[in-house]
Structure formats: C-alpha cells, structure tokens
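S.K.: Dropping in final-v8.txt, with compact mmCIF, C-alpha atoms.
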# COMPACT_ATOMS: atom_id res chain seq x y z
CA GLY H 30 98.19 108.03 114.46
CA GLY H 31 95.45 105.68 115.57
CA VAL H 32 96.83 103.81 118.52
CA SER H 33 96.37 104.69 122.13
CA SER H 34 98.37 104.96 125.39
CA LYS H 35 100.44 107.57 127.14
CA PHE H 36 103.84 106.08 126.35
CA ALA H 37 106.25 108.05 124.17
CA PRO H 38 109.84 107.00 123.43
CA SER H 39 112.52 108.39 125.71
CA GLY H 40 113.74 111.72 124.46
CA ALA H 41 111.30 111.84 121.56
CA LEU H 42 110.11 115.29 122.55
CA ALA H 43 113.36 116.45 124.13
CA LYS H 44 114.38 120.04 123.42
CA LYS H 45 116.99 120.14 120.69
CA GLU H 46 120.42 121.57 121.36
CA ASP H 47 120.14 125.29 122.02
CA ASP H 48 121.14 127.09 118.85
CA ASP H 49 118.49 129.80 118.65
CA THR H 50 120.30 132.48 120.68
CA PRO H 51 122.22 134.90 118.45
CA THR H 52 125.83 135.79 119.31
CA GLU H 53 125.96 138.42 116.57
CA THR H 54 123.31 140.86 115.33
CA ALA H 55 123.04 143.23 112.39
CA THR H 56 120.97 146.35 111.80
CA VAL H 57 119.19 146.72 108.46
CA LYS H 58 117.37 149.79 107.13
CA VAL H 59 113.90 149.07 105.72
CA LYS H 60 110.78 151.07 104.86
CA GLU H 61 108.22 152.01 107.48
CA LEU H 62 105.15 149.76 107.33
CA ASP H 63 103.07 152.70 106.10
CA GLY H 64 105.75 153.61 103.52
CA SER H 65 106.28 157.06 105.07
CA GLY H 66 110.01 156.76 105.69
CA GLU H 67 112.75 154.43 106.91
CA ARG H 68 113.23 152.44 110.09
CA GLU H 69 115.84 150.02 111.41
CA ILE H 70 115.27 146.36 112.18
CA THR H 71 117.61 143.83 113.75
CA LEU H 72 118.67 140.50 112.26
CA PRO H 73 118.19 137.70 113.04
CA LEU H 74 114.43 138.22 113.16
CA ASP H 75 112.65 137.32 116.38
CA VAL H 76 110.32 134.36 116.72
CA GLY H 77 106.78 135.68 116.34
CA THR H 78 107.71 138.26 113.69
CA ARG H 79 105.18 138.63 110.89
CA VAL H 80 106.63 139.31 107.46
CA LYS H 81 106.04 138.39 103.82
CA ALA H 82 108.08 135.54 102.33
CA LEU H 83 108.42 134.11 98.86
CA TRP H 84 105.75 131.54 97.98
CA ARG H 85 105.81 128.89 95.24
CA ASP H 86 104.06 131.17 92.77
CA GLY H 87 106.83 133.79 92.98
CA GLU H 88 104.68 136.15 95.09
CA HIS H 89 105.45 137.22 98.66
CA ARG H 90 102.83 135.91 101.10
CA PRO H 91 102.22 136.68 104.80
CA VAL H 92 104.09 134.36 107.19
CA ARG H 93 104.79 134.12 110.89
CA VAL H 94 108.24 133.09 112.15
CA ILE H 95 107.73 130.16 114.50
CA GLU H 96 111.33 128.99 114.91
CA ARG H 97 114.82 130.08 113.91
CA LYS H 98 118.30 128.59 113.81
CA ARG H 99 121.77 129.48 112.71
CA GLY H 100 122.84 129.31 109.09
CA ALA H 101 124.42 126.39 107.26
CA GLY H 102 127.28 124.83 109.19
CA GLY H 103 126.22 126.67 112.35
CA SER H 104 127.11 130.07 110.88
CA THR H 105 126.48 132.92 113.34
CA ASP H 106 126.26 135.52 110.55
CA PRO H 107 122.93 137.29 111.29
CA HIS H 108 122.20 137.50 107.54
CA GLN H 109 122.47 133.71 107.15
CA TRP H 110 119.99 132.59 109.81
CA ARG H 111 117.17 130.28 108.72
CA TYR H 112 113.55 130.75 109.77
CA TYR H 113 110.81 128.14 110.02
CA VAL H 114 107.69 129.98 108.87
CA HIS H 115 103.97 129.35 108.72
CA TYR H 116 102.24 130.73 105.61
CA GLU H 117 99.14 132.22 107.19
CA GLN H 118 96.85 131.56 104.21
CA PHE H 119 97.78 127.87 103.99
CA ASN H 120 97.71 124.60 105.93
CA ARG H 121 100.48 123.86 108.45
CA ARG H 122 101.81 121.07 106.28
CA LEU H 123 103.24 123.74 103.95
CA ASP H 124 105.35 125.34 106.71
CA THR H 125 109.00 125.45 105.67
CA TRP H 126 112.49 126.90 106.25
CA VAL H 127 113.40 130.15 104.50
CA THR H 128 116.26 132.69 104.70
CA ALA H 129 116.14 136.49 105.00
CA ASP H 130 116.83 136.92 101.27
CA GLN H 131 113.52 135.12 100.56
CA MET H 132 111.66 137.70 102.67
CA ASP H 133 110.39 141.20 101.97
CA LEU H 134 111.92 142.77 105.09
CA ASP H 135 110.02 146.02 104.47
CA THR H 136 106.93 144.14 105.69
CA ALA H 137 108.48 142.94 108.99
CA ASP H 138 106.00 143.53 111.80
CA PHE H 139 107.06 142.90 115.42
CA GLU H 140 103.71 143.50 117.09
CA GLY H 141 102.89 140.52 119.30
CA VAL H 142 106.56 139.67 119.98
CA GLU H 143 107.75 139.92 123.56
CA LYS H 144 111.23 139.45 124.97
CA VAL H 145 111.85 137.36 128.07
CA VAL H 146 115.02 136.65 130.06
CA ASP H 147 115.64 132.96 130.75
CA ALA H 148 117.25 131.35 133.83
CA GLN H 149 120.74 131.80 132.32
CA GLY H 150 120.18 135.51 131.81
CA ARG H 151 119.82 135.22 128.03
CA THR H 152 117.20 137.28 126.23
CA ARG H 153 114.72 135.21 124.28
CA THR H 154 111.70 136.11 122.24
CA LYS H 155 108.31 134.52 122.20
CA ARG H 156 104.97 135.25 120.67
CA LYS H 157 102.43 136.72 123.06
CA ALA H 158 99.82 134.16 124.02
CA GLU H 159 96.94 134.09 121.59
CA GLU H 160 93.81 132.02 121.58
CA PRO H 161 94.87 129.71 118.74
CA VAL H 162 92.20 128.26 116.53
CA GLU H 163 93.52 125.48 114.36
CA GLU H 164 91.57 123.55 111.78
CA GLY H 165 90.92 119.98 112.90
CA HIS H 166 91.69 120.67 116.59
CA GLU H 167 88.47 122.29 117.76
CA GLU H 168 88.21 119.74 120.58
CA PHE H 169 91.32 121.12 122.37
CA ASP H 170 91.18 123.91 124.89
CA PRO H 171 93.62 126.81 124.29
CA LYS H 172 96.23 125.42 126.73
CA GLN H 173 96.22 121.98 125.08
CA LEU H 174 96.46 123.57 121.65
CA ARG H 175 99.43 125.74 122.68
CA GLU H 176 101.20 122.63 124.03
CA HIS H 177 100.42 120.80 120.81
CA GLU H 178 101.77 123.69 118.71
CA GLU H 179 104.93 123.95 120.83
CA PHE H 180 105.80 120.25 120.49
CA THR H 181 104.86 119.92 116.84
CA LYS H 182 105.55 123.36 115.36
CA VAL H 183 108.66 122.35 113.38
CA ARG H 184 108.85 119.34 111.10
CA ASN H 185 111.79 117.30 112.39
CA ILE H 186 111.99 115.04 109.31
CA LEU H 187 111.76 116.83 105.96
CA GLN H 188 111.63 113.85 103.57
CA VAL H 189 111.14 110.10 103.63
CA GLU H 190 112.12 107.57 101.03
CA LEU H 191 109.84 104.54 100.87
CA GLY H 192 110.44 102.08 98.04
CA MET H 193 110.31 103.96 94.74
CA HIS H 194 108.89 107.14 96.31
CA VAL H 195 110.53 110.16 97.91
CA MET H 196 107.90 112.12 99.88
CA ASP H 197 108.07 115.59 101.42
CA THR H 198 106.63 115.32 104.91
CA TRP H 199 103.79 117.49 106.22
CA TYR H 200 104.00 117.43 110.01
CA PHE H 201 106.14 116.69 113.05
CA SER H 202 106.43 113.07 114.19
CA PRO H 203 107.99 112.10 117.55
CA PHE H 204 110.77 109.86 116.30
CA PRO H 205 113.48 109.00 118.86
CA SER H 206 115.64 112.09 119.38
CA GLU H 207 118.66 110.71 117.49
CA TYR H 208 116.59 110.95 114.28
CA ASN H 209 115.65 114.60 114.74
CA ASP H 210 116.87 117.04 112.09
CA CYS H 211 117.41 114.28 109.53
CA GLN H 212 117.03 115.71 106.06
CA THR H 213 115.78 112.33 104.78
CA LEU H 214 114.80 109.11 106.54
CA TYR H 215 115.03 105.86 104.58
CA PHE H 216 112.29 103.29 105.21
CA CYS H 217 112.24 99.64 104.24
CA GLU H 218 108.86 99.37 102.53
CA PHE H 219 108.40 95.79 103.70
CA THR H 220 109.44 95.89 107.40
CA LEU H 221 109.09 99.70 107.89
CA ASN H 222 112.46 99.80 109.65
CA PHE H 223 113.96 103.26 109.15
CA PHE H 224 117.54 104.47 108.75
CA LYS H 225 119.50 107.71 108.66
CA ARG H 226 121.62 106.67 105.67
CA LYS H 227 120.76 104.94 102.43
CA THR H 228 123.71 102.57 102.82
CA GLN H 229 122.16 101.29 106.07
CA LEU H 230 118.88 100.64 104.24
CA GLN H 231 120.68 98.84 101.41
CA ARG H 232 122.49 96.60 103.91
CA HIS H 233 119.15 95.83 105.59
CA LEU H 234 117.50 94.99 102.25
CA ARG H 235 120.26 92.52 101.40
CA LYS H 236 119.46 90.61 104.61
CA ASN H 237 115.69 90.99 104.61
CA GLU H 238 113.63 88.35 102.84
CA LEU H 239 110.17 89.66 103.77
CA ARG H 240 108.31 91.15 100.79
CA HIS H 241 104.93 91.92 102.38
CA PRO H 242 103.52 93.24 105.68
CA PRO H 243 104.04 90.76 108.57
CA GLY H 244 100.41 89.65 108.88
CA ASP H 245 97.62 87.68 107.20
CA GLU H 246 96.53 88.54 103.67
CA ILE H 247 92.74 88.78 104.01
CA TYR H 248 91.83 90.33 100.64
CA ARG H 249 93.21 90.15 97.12
CA ASN H 250 91.64 91.53 93.98
CA GLY H 251 93.98 91.82 91.01
CA SER H 252 97.10 93.69 92.16
CA LEU H 253 95.40 95.05 95.31
CA SER H 254 95.77 93.29 98.67
CA MET H 255 94.85 93.92 102.30
CA PHE H 256 96.84 92.52 105.22
CA GLU H 257 95.71 92.31 108.83
CA VAL H 258 98.58 92.96 111.25
CA ASP H 259 98.14 92.44 115.00
CA GLY H 260 99.73 95.22 117.05
CA ARG H 261 100.56 92.82 119.87
CA LYS H 262 102.33 90.30 117.62
CA GLU H 263 104.10 92.84 115.40
CA LYS H 264 104.72 95.73 117.78
CA ILE H 265 107.80 97.23 116.07
CA TYR H 266 106.20 97.19 112.60
CA CYS H 267 103.04 98.86 113.89
CA GLN H 268 104.92 101.49 115.91
CA ASN H 269 107.03 102.30 112.85
CA LEU H 270 103.86 102.58 110.77
CA CYS H 271 102.56 105.11 113.29
CA TYR H 272 105.80 107.10 113.13
CA LEU H 273 105.51 107.19 109.34
CA ALA H 274 101.79 108.03 109.37
CA LYS H 275 102.24 110.89 111.85
CA LEU H 276 104.43 112.70 109.28
CA PHE H 277 101.23 113.12 107.22
CA LEU H 278 98.61 113.39 109.98
CA ASP H 279 98.16 116.41 112.23
CA HIS H 280 96.89 114.75 115.41
CA LYS H 281 97.46 116.09 118.90
CA THR H 282 99.40 113.05 120.14
CA LEU H 283 100.92 109.93 118.67
CA TYR H 284 100.32 106.95 120.90
CA TYR H 285 102.29 103.75 121.17
CA ASP H 286 100.25 101.06 122.89
CA VAL H 287 99.72 99.24 119.62
CA ASP H 288 98.81 95.98 121.41
CA LEU H 289 95.15 97.01 121.55
CA PHE H 290 94.83 97.59 117.80
CA LEU H 291 94.64 95.74 114.51
CA PHE H 292 96.15 97.40 111.45
CA TYR H 293 94.77 96.86 107.96
CA ILE H 294 97.51 97.55 105.43
CA MET H 295 96.60 98.21 101.80
CA CYS H 296 99.21 97.16 99.25
CA GLU H 297 99.80 97.25 95.51
CA CYS H 298 101.52 94.07 94.35
CA ASP H 299 104.06 93.60 91.55
CA GLU H 300 107.02 91.31 90.84
CA ARG H 301 109.13 93.08 93.51
CA GLY H 302 106.62 92.52 96.33
CA TYR H 303 103.75 94.22 98.17
CA HIS H 304 104.07 98.02 98.39
CA VAL H 305 102.27 99.93 101.16
CA VAL H 306 99.62 102.32 99.80
CA GLY H 307 97.78 103.21 103.00
CA TYR H 308 96.17 101.73 106.09
CA PHE H 309 93.56 102.04 108.76
CA SER H 310 93.69 100.91 112.35
CA LYS H 311 90.90 99.53 114.48
CA GLU H 312 90.52 98.76 118.17
CA LYS H 313 90.33 95.04 118.89
CA SER H 314 87.46 95.72 121.25
CA SER H 315 85.76 99.11 121.13
CA GLU H 316 83.15 99.90 123.77
CA GLU H 317 81.96 102.85 121.65
CA GLY H 318 81.47 100.67 118.56
CA TYR H 319 84.28 102.34 116.57
CA ASN H 320 85.21 100.36 113.46
CA LEU H 321 88.08 102.66 112.46
CA ALA H 322 90.54 104.62 114.59
CA CYS H 323 92.99 106.18 112.14
CA ILE H 324 93.19 106.23 108.33
CA LEU H 325 95.86 107.35 105.88
CA THR H 326 96.60 107.05 102.19
CA LEU H 327 100.26 107.90 101.53
CA PRO H 328 100.74 111.03 99.35
CA PRO H 329 101.89 109.27 96.12
CA TYR H 330 98.66 107.24 96.13
CA GLN H 331 96.18 109.97 97.03
CA ARG H 332 93.34 111.03 94.71
CA LYS H 333 93.10 107.51 93.30
CA GLY H 334 90.03 106.37 95.25
CA TYR H 335 92.02 104.38 97.82
CA GLY H 336 90.73 106.37 100.82
CA LYS H 337 87.16 105.52 99.80
CA PHE H 338 88.20 101.87 99.49
CA LEU H 339 89.59 101.86 103.06
CA ILE H 340 86.40 103.37 104.49
CA SER H 341 84.26 100.84 102.58
CA PHE H 342 86.54 98.02 103.73
CA SER H 343 86.04 98.99 107.39
CA TYR H 344 82.27 98.59 106.92
CA GLU H 345 82.67 95.23 105.16
CA LEU H 346 84.49 94.00 108.28
CA SER H 347 81.60 95.32 110.40
CA LYS H 348 79.13 93.36 108.27
CA ILE H 349 81.05 90.12 108.89
CA GLU H 350 81.14 90.95 112.62
CA ASN H 351 77.39 91.68 112.39
CA LYS H 352 77.98 94.93 114.26
CA VAL H 353 77.05 98.53 113.52
CA GLY H 354 80.20 100.65 113.16
CA THR H 355 81.30 104.29 113.15
CA PRO H 356 84.69 106.03 112.90
CA GLU H 357 86.43 107.22 116.05
CA ARG H 358 85.60 110.79 117.04
CA PRO H 359 86.41 113.59 116.68
CA LEU H 360 86.57 113.59 112.89
CA SER H 361 88.70 116.19 111.14
CA ASP H 362 86.98 118.45 108.61
CA LEU H 363 88.41 116.38 105.76
CA GLY H 364 87.46 113.16 107.53
CA LEU H 365 83.86 114.32 107.89
CA VAL H 366 83.70 115.20 104.18
CA SER H 367 85.03 111.75 103.21
CA TYR H 368 82.68 109.89 105.51
CA ARG H 369 79.65 111.98 104.62
CA SER H 370 80.16 111.26 100.90
CA HIS H 371 80.55 107.52 101.69
CA TRP H 372 77.40 107.45 103.82
CA THR H 373 75.53 109.43 101.16
CA ARG H 374 76.49 107.00 98.38
CA VAL H 375 75.65 103.89 100.39
CA ILE H 376 72.33 105.19 101.79
CA LEU H 377 71.07 106.68 98.51
CA LYS H 378 71.95 103.54 96.52
CA LEU H 379 69.78 101.57 98.93
CA LEU H 380 66.94 104.09 98.73
CA LYS H 381 67.14 104.06 94.94
CA ALA H 382 66.91 100.27 94.77
CA HIS H 383 64.26 99.92 97.47
CA GLU H 384 60.55 99.94 96.74
CA GLY H 385 58.13 101.09 99.40
CA THR H 386 59.00 102.50 102.80
CA ILE H 387 62.20 101.79 104.68
CA SER H 388 63.14 102.79 108.22
CA ILE H 389 66.40 104.20 109.50
CA LYS H 390 66.78 101.02 111.57
CA ASP H 391 66.46 98.93 108.37
CA LEU H 392 69.09 101.09 106.65
CA SER H 393 71.44 100.65 109.60
CA GLU H 394 71.00 96.87 109.69
CA GLN H 395 71.67 96.54 105.96
CA THR H 396 74.68 98.86 105.83
CA CYS H 397 76.14 98.56 109.37
CA ILE H 398 76.21 102.37 109.45
CA LYS H 399 75.28 103.75 112.88
CA THR H 400 71.75 105.23 113.05
CA GLU H 401 73.11 108.61 114.24
CA ASP H 402 75.34 108.79 111.13
CA ILE H 403 72.37 107.95 108.89
CA ILE H 404 70.25 110.65 110.56
CA THR H 405 72.93 113.38 110.23
CA THR H 406 73.55 112.40 106.59
CA LEU H 407 69.86 112.53 105.67
CA GLN H 408 69.48 115.83 107.55
CA HIS H 409 72.41 117.23 105.58
CA LEU H 410 70.62 116.16 102.38
CA ASN H 411 67.30 117.63 103.59
CA MET H 412 65.67 114.21 103.26
CA LEU H 413 64.47 113.80 106.82
CA ALA H 414 61.26 115.00 108.44
CA TYR H 415 60.32 114.68 112.11
CA GLN H 416 56.65 113.72 112.45
CA LYS H 417 54.73 112.57 115.51
CA GLY H 418 57.90 111.86 117.51
CA ALA H 419 59.65 109.85 114.78
CA TYR H 420 61.97 110.48 111.84
CA VAL H 421 60.48 109.94 108.38
CA ILE H 422 62.60 109.70 105.23
CA SER H 423 61.18 112.05 102.62
CA ALA H 424 62.85 112.14 99.19
CA THR H 425 61.78 112.09 95.55
CA ASP H 426 63.44 109.85 92.98
CA GLU H 427 64.82 112.97 91.27
CA GLN H 428 66.37 114.22 94.50
CA VAL H 429 67.97 110.83 95.19
CA GLU H 430 69.47 110.74 91.67
CA LYS H 431 70.76 114.30 91.92
CA ASP H 432 72.39 113.85 95.35
CA LEU H 433 73.83 110.48 94.36
CA ALA H 434 75.53 112.07 91.36
CA ALA H 435 76.81 114.92 93.52
CA ALA H 436 78.37 112.46 96.00
CA GLY H 437 80.88 111.39 93.34
CA SER H 438 82.26 107.99 92.46
CA ALA H 439 82.83 105.22 94.96
CA GLY H 440 86.54 105.15 94.06
CA VAL H 441 88.16 101.72 94.10
CA GLU H 442 85.32 99.42 95.11
CA VAL H 443 85.56 96.53 97.54
CA ASP H 444 84.52 93.11 96.23
CA PRO H 445 83.16 91.34 99.35
CA SER H 446 83.56 87.93 97.68
CA LYS H 447 87.37 88.40 97.75
CA LEU H 448 87.44 89.06 101.51
CA ILE H 449 88.41 86.03 103.62
CA TRP H 450 88.45 87.06 107.27
CA THR H 451 87.55 85.84 110.74
CA PRO H 452 86.74 88.53 113.33
CA PHE H 453 89.24 88.97 116.14
CA ASP H 454 88.30 87.02 119.28
CA ALA H 455 89.32 89.24 122.20
CA SER H 456 88.37 86.58 124.75
CA LYS H 457 91.19 84.33 123.48
CA GLU H 458 93.80 87.03 123.81
CA TYR H 459 92.81 88.08 127.29
CA LYS H 460 91.74 84.74 128.81
CA PHE H 461 94.97 84.46 130.82
CA PHE H 462 94.68 87.90 132.40
Rewrite the structure from the file as structure tokens, please.
M.R.:
Amino acid sequence: GGVSSKFAPSGALAKKEDDDTPTETATVKVKELDGSGEREITLPLDVGTRVKALWRDGEHRPVRVIERKRGAGGSTDPHQWRYYVHYEQFNRRLDTWVTADQMDLDTADFEGVEKVVDAQGRTRTKRKAEEPVEEGHEEFDPKQLREHEEFTKVRNILQVELGMHVMDTWYFSPFPSEYNDCQTLYFCEFTLNFFKRKTQLQRHLRKNELRHPPGDEIYRNGSLSMFEVDGRKEKIYCQNLCYLAKLFLDHKTLYYDVDLFLFYIMCECDERGYHVVGYFSKEKSSEEGYNLACILTLPPYQRKGYGKFLISFSYELSKIENKVGTPERPLSDLGLVSYRSHWTRVILKLLKAHEGTISIKDLSEQTCIKTEDIITTLQHLNMLAYQKGAYVISATDEQVEKDLAAAGSAGVEVDPSKLIWTPFDASKEYKFF
C-alpha cells in the first residue's frame, strides 16, 4: 500500500495448516444442469466449482469456489464444510465464506476443475489455468496475476475495529502469520498497534498517552488536520498503516521499506483526540516526479469528499516545492476517474477565469499538474486541437461551464493559508551515506 521494497515479514505468506483435504465425503442427488433428469454430486465441493449462492438481495448469484475448509470446530461432516466464493458479477472485495445450504446445488458445474495427486499421495483439486483478467491489474502478465490471486485469494482478516468503527475488510493483507484467520483485529487508532483480543487493546490504551499520529501537524482547518509522518523515524506506525490500508486496497504486493516515504495522515479531531480518516504516501525523492504513491480513505469516511481533499493536498505540497507532480503509475480504474475529475475541475476553473490565450505550459506552471496529464484531460474533454505541430486549446465558454458542472464538486477543499510545511530535504537525511 504505497511503500516499496521486497521485504515481507517472516511467515506472512506461509501456507496455513492443511485442512482442505476431506476425510469424509457424501453423495447428493441434484438435477441435471439442463433439467432433464438427476445426477449425483460429491460433497464437499471441489475448489474451482461454479455454482449459484445466496446473495444479499435474497437471489442466488453465480459464484466460483476459490477455497474450502472444514466446518465449525474442524468438523469433517461433508455437509458442514465452508467455501470461500467469488461472486462473478461483483468486485473481489465482496468475496465471502458460505456453506452448502446457502447454495443452489442443482447449478453445480465442475467444468474447469481438475484433480491432481500431491507428493503425499493425496488427491487435490485445482482450477485449470485460465488467462485471468482482473480489473485494476492490467499491468501484470498472466503468471504474475495467478501468483497474486493465489497469495491474496482469501481474506485472512474479516473485520477490524478502529476507534468507534468496526469495518468489514475487502482484501487480503500479509499480516504476520500468527494473525491469520482472526475474525476481528483490534487497532489502537492513535498508534495503529493491533491486537487479537479486545482486552489486549484496552490494556494498551490504559498505558498509551499518544492521541494523534506520531508526526508533525502541518495543516489544521476546523476539526480537520493533516500530519506528516516520516517512515524512517516512525517505522512501526507506518508499517502498521500499510497493513491496515492493504485490507482495503487490491494491490499486487504490499511493501515494507517505509524509510523512503513520507505519510500524510488525515484526521478528524474531537475531545478524545485525532481520529484517522485516510492518508496518502509520497516518496521522499521521486526521480519520476511522483507526488503521491498510495491513497486511501477508510470506509466509514468515504463519499464525504475526503479523497478529493487528499488529491488536492498532494498538489498543494507540489506548489510549495515548486515542482510539477503526478500520481504514481499505474492508476487503477477508480484512481483514474478520481484524478481525471480533479484535473478537469482545476484546469477548467483556470480557463474560465483566464482572459485571452493560455498555453499548456502556463497551465502546468500554475497548477503543478504535469503537462501530459493536462493534455490527456483536455483530449478527454475534446478541447484540444493539434495544429502546425503544436497543441491548441479550443473550448467555448459554454463547453467549459458544462464540463465543469459535470466534473462535480471539489469535495472538502484545501485552504492553502492553513498549510504550514517545509519540503523534505533528502540531502540532510543521506549526507552520511
């Protein structure tokens, strides 16, 4: 989630204890797929089976079984097995555990499932290799994507408690192996230490006096604050933030060399302290000119304009640095939508207020948006012509007004006068190396 290195904690991706091999099976009679008669299927269902399972609306929807395990308490009863399924019409974050009684077994389809014998002579099932295409991961080749799916296919933490909020998680996060299969993880919202039991958290809170992120407060406007936290100085806090963020971000890898990054933590403040709303990370020194590496608004605070605030804030920092900035690539589909609407609002506001001609270079200097991002945004809006070897902005006042309205509100706006910040001086940090 926005930091970079090849280090992962020992055992974080270790295979869990083997409990997916059935010692008992059962035969169940179901309808043929074409409804013409009856057939027999065997429980527990194999990994790779396609079937319909109950969805939130009470309807049965197509799913694929991607993992299975014994029933509650390790029960070997084939009717009690639990299946981790992917609803094929929905995002991976809605994958969940179901039981056979939540499935329409008449729809069970075993095409694409193959059985293999492992080194111990046990029969296992696996889905035949497909060319997976997963939204947001177009940059991976099929082998990388299969590895990614294998490591991250099952959410290891189902819920987190952070302050006043209990959040259902969306994705796998490579916590140390002793935390795998925790129903709920309890986070201290101030230090981001996490615990298996609530009593451990309560004991920690009695000792802990910190009531805000362990960094410098660089922005305050009403009850909203931003803190800058240095990954080198506060390594544990930043690693824990990445663990937490990965539960809601579907990235290929979570990296741990937080030393090279600064983290900008957005908080809401009340009498109890500063409560984490979201964050973005940024390389201390980016050769590519990236001004944002990773961004997240936590689920309880989404759809409140905070994501737009974080994007705007990253550009305000670029203005103080007097550098043109751009987010780290590749952008997810949702990331591109968010950034394109931000670029559209900023560029069109300038065009609306400006009299006479203005160049793309002028727009870039005034906004700190990279010229390539300005060009792609104006092309998307059909406001750019290419004449005599140069780009020319071509837009009527009516078109500017219309597209500005379509771009939506700016969300929670940044007040630059409330930002007190000195750019990071990399030469100081690395002068002894």
S.K.: Skip Thr406 in chain H itself and residues of its chain fewer than 5 positions away, then list as a PDB file with C-alpha atoms, keeping the file's coordinate frame all residues within 7 Å of it, counting only C-alpha atoms.
M.R.:
ATOM      1  CA  ARG H 369      79.650 111.980 104.620  1.00  0.00           C
ATOM      2  CA  TRP H 372      77.400 107.450 103.820  1.00  0.00           C
ATOM      3  CA  THR H 373      75.530 109.430 101.160  1.00  0.00           C
TER       4      THR H 373
END
S.K.: Could you produce a table of the residues of range 284-365 of chain H lying within 10 Å of range 198-220 of chain H, with the nearest pair of atoms per residue and their separation in Å rounded to one decimal, using only C-alpha atoms, ordered by chain and increasing residue number, as JSON lines?
M.R.:
{"residue": "H:Tyr284", "atom": "CA", "partner": "H:Pro203", "partner_atom": "CA", "distance": 9.8}
{"residue": "H:Gly302", "atom": "CA", "partner": "H:Phe219", "partner_atom": "CA", "distance": 8.3}
{"residue": "H:Tyr303", "atom": "CA", "partner": "H:Phe219", "partner_atom": "CA", "distance": 7.4}
{"residue": "H:His304", "atom": "CA", "partner": "H:Glu218", "partner_atom": "CA", "distance": 6.5}
{"residue": "H:Val305", "atom": "CA", "partner": "H:Glu218", "partner_atom": "CA", "distance": 6.8}
{"residue": "H:Pro328", "atom": "CA", "partner": "H:Thr198", "partner_atom": "CA", "distance": 9.2}
S.K.: Work out how far CA of Ile340 in chain H is from CA of Glu442 in chain H, in Å to one decimal.
M.R.: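 Between these atoms lies a distance of 10.2 Å.
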S.K.: Could you check how far CA of Lys337 in chain H sits from CA of Gly440 in chain H, in Å to one decimal?
M.R.: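 These atoms are spaced 5.8 Å apart.
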S.K.: Nearest to Lys262 in chain H among H:Lys417, H:Arg240, H:Leu327, H:Phe290, with distances taken over only C-alpha atoms: which residue is it?
M.R.: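 Ranked by minimum distance to Lys262 in chain H, first place goes to H:Phe290.
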S.K.: Which is closer to Ser423 in chain H than all the others in H:Arg121, H:Gly260, H:Val353, H:Ser388, using all atoms listed in the file?
M.R.: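 Looking only at the distances to Ser423 in chain H, the closest residue turns out to be H:Ser388.
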S.K.: Find the distance between CA of Leu221 in chain H and CA of Asp299 in chain H and write it in Å to one decimal.
M.R.: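 Separating CA of Leu221 in chain H from CA of Asp299 in chain H is a distance of 18.2 Å.
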S.K.: Within 9 Å of Asp130 in chain H, counting only C-alpha atoms, which residues qualify if same-chain residues fewer than 4 places away don't, as a ChimeraX atom specification?
M.R.: /H:82,108-109,134
